[in-house]
Amino acid sequence: MTVTLIKNLASLTGAEILSKGVTFAAFAYVARIFGPAGFGYIEWSAAILMCASLIVDQGFNAYGAREIAREPGRTEHLLSEIVTARFLLALIGYLAIAAFAFVFVQDAQVFKLLLVYGLSLWALPLLLQWVFQGHDRMNVVALTQIIRQLTFAGVVLLLVRRADDLLIVGFAEVAGVSVAAGFSVWMYKRHIHRRLNLGPTMSIKLFKEGVPIGISQMFWVVRMFGATLILGLVATAEDIGYFAGALRILIALHTFVWLYYFNLFPSMSRSWMAGTEEFSGLIRNSIRLVGVASILIGIVWVALAPMLTVIAYGHDFVRSGPALQWMAGVWIAAAISGHYRFGLIAAGFQNKEMISSAVGAATAIIFVPVGYVNAGLGGAAAALFVAEVLVLLSSWYFARGSWEPRPSNQIDRRMEVLQEVVR
């Protein structure tokens, strides 16, 4: 890794440790206030919001960061296109949440919680972290995340006092996203471009390139947060709470996997343009490092999982332990497969990466409820592990066929043609 990559990763990791630590403390506090059933309602609502937020994103974050890394001069045009598209999609996302609530939610308090959570979709288009990612300014990305999570946790810890304060958790999410969006806009005007051009404009290429990435992200939600949503239809509220408690720990630790590839992604995009040899070398070196580290962390994870759930949520959540042990395998598979998944996107093969994610999502949809019915919470978590392993295998297969050696520029291509003629 270069010095810049290491500094950026350190910045992102430090910020994530701080923000996730505070947020996890807020959710642990919420779990103790509301109990397993109330906590299950919150996590179920958050899973639905995550699905809706991906409608707003549509893969435009990754697409925009990739294009800026390749051509920084296109920043202003990409900003206008992506923000316009995401505001239109925010309307669709909120209507989808409202429709889901009207059709499937019977409890009046949970119904209101969903509608409040959904308000945060309107601030998402102005979260401009992808711009700073493309410019390798990870310190701004890190600071934006800290502000978002500290705002959320502050509202929760200051205002939630009783079991009937459920709606405050939703308003805390709205406050966190809104404050972070305002900060990112201010930093854009200060460091990237003084004028924030939000004139409505869109192109077919934006959707052609971005939508496959967005669909892939939706498939990720299906096999992660969607597991909680599926259990909400077949399991008791208490079991949803136990499973959600373990999943919350997995997602918190999975964030560091995402951060690693979030930081590496611009370098992947630029190295692909430089040639397959440089790109493949970057991937190989990273796999050696991540493979060893993730296995060691997984061993410690399995050993400490039962104790960790009790420390985090209290003795009422002791049943979350076995599920969390299975989720160690999910984390290891995701840490390794990220090289192939993000590499495919960086190289422009997002359609193949989307298929790989679809394989994992389909597996989770089928086997999570089957695993729960036959083996309880441990069976549901084991189904997640199987789904993630299939994502690893399929993304490796697609990457192997896509990263064949190629010339790094037009001169190399002409030389190859000339050599063939001489022969």
# chains A, B, ... in the order shown; residues from 1 in each chain; ligands from 1
call {"tool": "residues_around", "arguments": {"residues": "A:Phe132", "least_positions_apart": "4", "cutoff": "9 Å", "atoms": "only C-alpha atoms", "output": "ChimeraX atom specification"}}
result
/A:65,128,136-141,188,192
call {"tool": "closest_atom_pairs", "arguments": {"of": "stretch 117-226 of chain A", "to": "stretch 372-396 of chain A", "cutoff": "10 Å", "atoms": "only C-alpha atoms", "output": "tab-separated table"}}
result
residue	atom	partner	partner_atom	distance
A:Trp220	CA	A:Glu388	CA	9.5
A:Arg223	CA	A:Leu384	CA	6.8
A:Met224	CA	A:Leu384	CA	7.5
call {"tool": "write_last_selection", "arguments": {"atoms": "C-alpha atoms", "output": "PDB file, in the first residue's frame"}}
result
ATOM      1  CA  TRP A 220     -26.573  -7.423  -0.157  1.00  0.00           C
ATOM      2  CA  ARG A 223     -29.040 -11.351   2.532  1.00  0.00           C
ATOM      3  CA  MET A 224     -28.049  -9.191   5.534  1.00  0.00           C
TER       4      MET A 224
END
call {"tool": "residues_around", "arguments": {"residues": "stretch 329-342 of chain A", "least_positions_apart": "2", "cutoff": "9 Å", "atoms": "only C-alpha atoms", "output": "PyMOL selection string"}}
result
chain A and resi 250-251+253-254+257-258+261-262+264-265+268+283-284+286-287+290-291+294-295+297-298+302+325-327+344-347+350+352-354+356-357+381-382+384-389+391-393+395-400
call {"tool": "closest_residue", "arguments": {"among": "A:Tyr94, A:Tyr29, A:Trp186, A:Trp272", "to": "A:Ala52", "atoms": "only C-alpha atoms"}}
result
A:Tyr94
call {"tool": "closest_residue", "arguments": {"among": "A:Leu282, A:Ala252, A:Ala62, A:Ala181", "to": "A:Ile17", "atoms": "only C-alpha atoms"}}
result
A:Ala252
call {"tool": "atom_distance", "arguments": {"atom1": "atom CA of A:Thr75", "atom2": "atom CA of A:Gln129"}}
result
12.5 Å
call {"tool": "residues_around", "arguments": {"residues": "A:Leu49", "least_positions_apart": "5", "cutoff": "9 Å", "atoms": "only C-alpha atoms", "output": "list in words"}}
result
Trp44, Leu54, Gly93, Ile97, Leu114, Tyr117, Gly118, Ser120 and Leu121 of chain A
call {"tool": "select_by_dssp", "arguments": {"residues": "stretch 136-179 of chain A", "states": "helix (DSSP H, G or I)", "output": "ChimeraX atom specification"}}
result
/A:138-159,166-179
call {"tool": "residues_around", "arguments": {"residues": "stretch 204-219 of chain A", "least_positions_apart": "5", "cutoff": "10 Å", "atoms": "only C-alpha atoms", "output": "number ranges by chain"}}
result
A: 50-64, 78, 81-82, 85, 224-226, 341, 345, 348-362, 364
call {"tool": "closest_residue", "arguments": {"among": "A:Arg86, A:Arg32, A:Lys7, A:Arg270", "to": "A:Gly245", "atoms": "only C-alpha atoms"}}
result
A:Arg32
call {"tool": "atom_distance", "arguments": {"atom1": "atom CA of A:Thr309", "atom2": "atom CA of A:Ala246"}}
result
7.0 Å
call {"tool": "atom_distance", "arguments": {"atom1": "atom CA of A:Leu304", "atom2": "atom CA of A:Asp239"}}
result
21.0 Å
call {"tool": "closest_residue", "arguments": {"among": "A:Ser203, A:Pro36, A:Leu159, A:Ser402", "to": "A:Val318", "atoms": "only C-alpha atoms"}}
result
A:Pro36
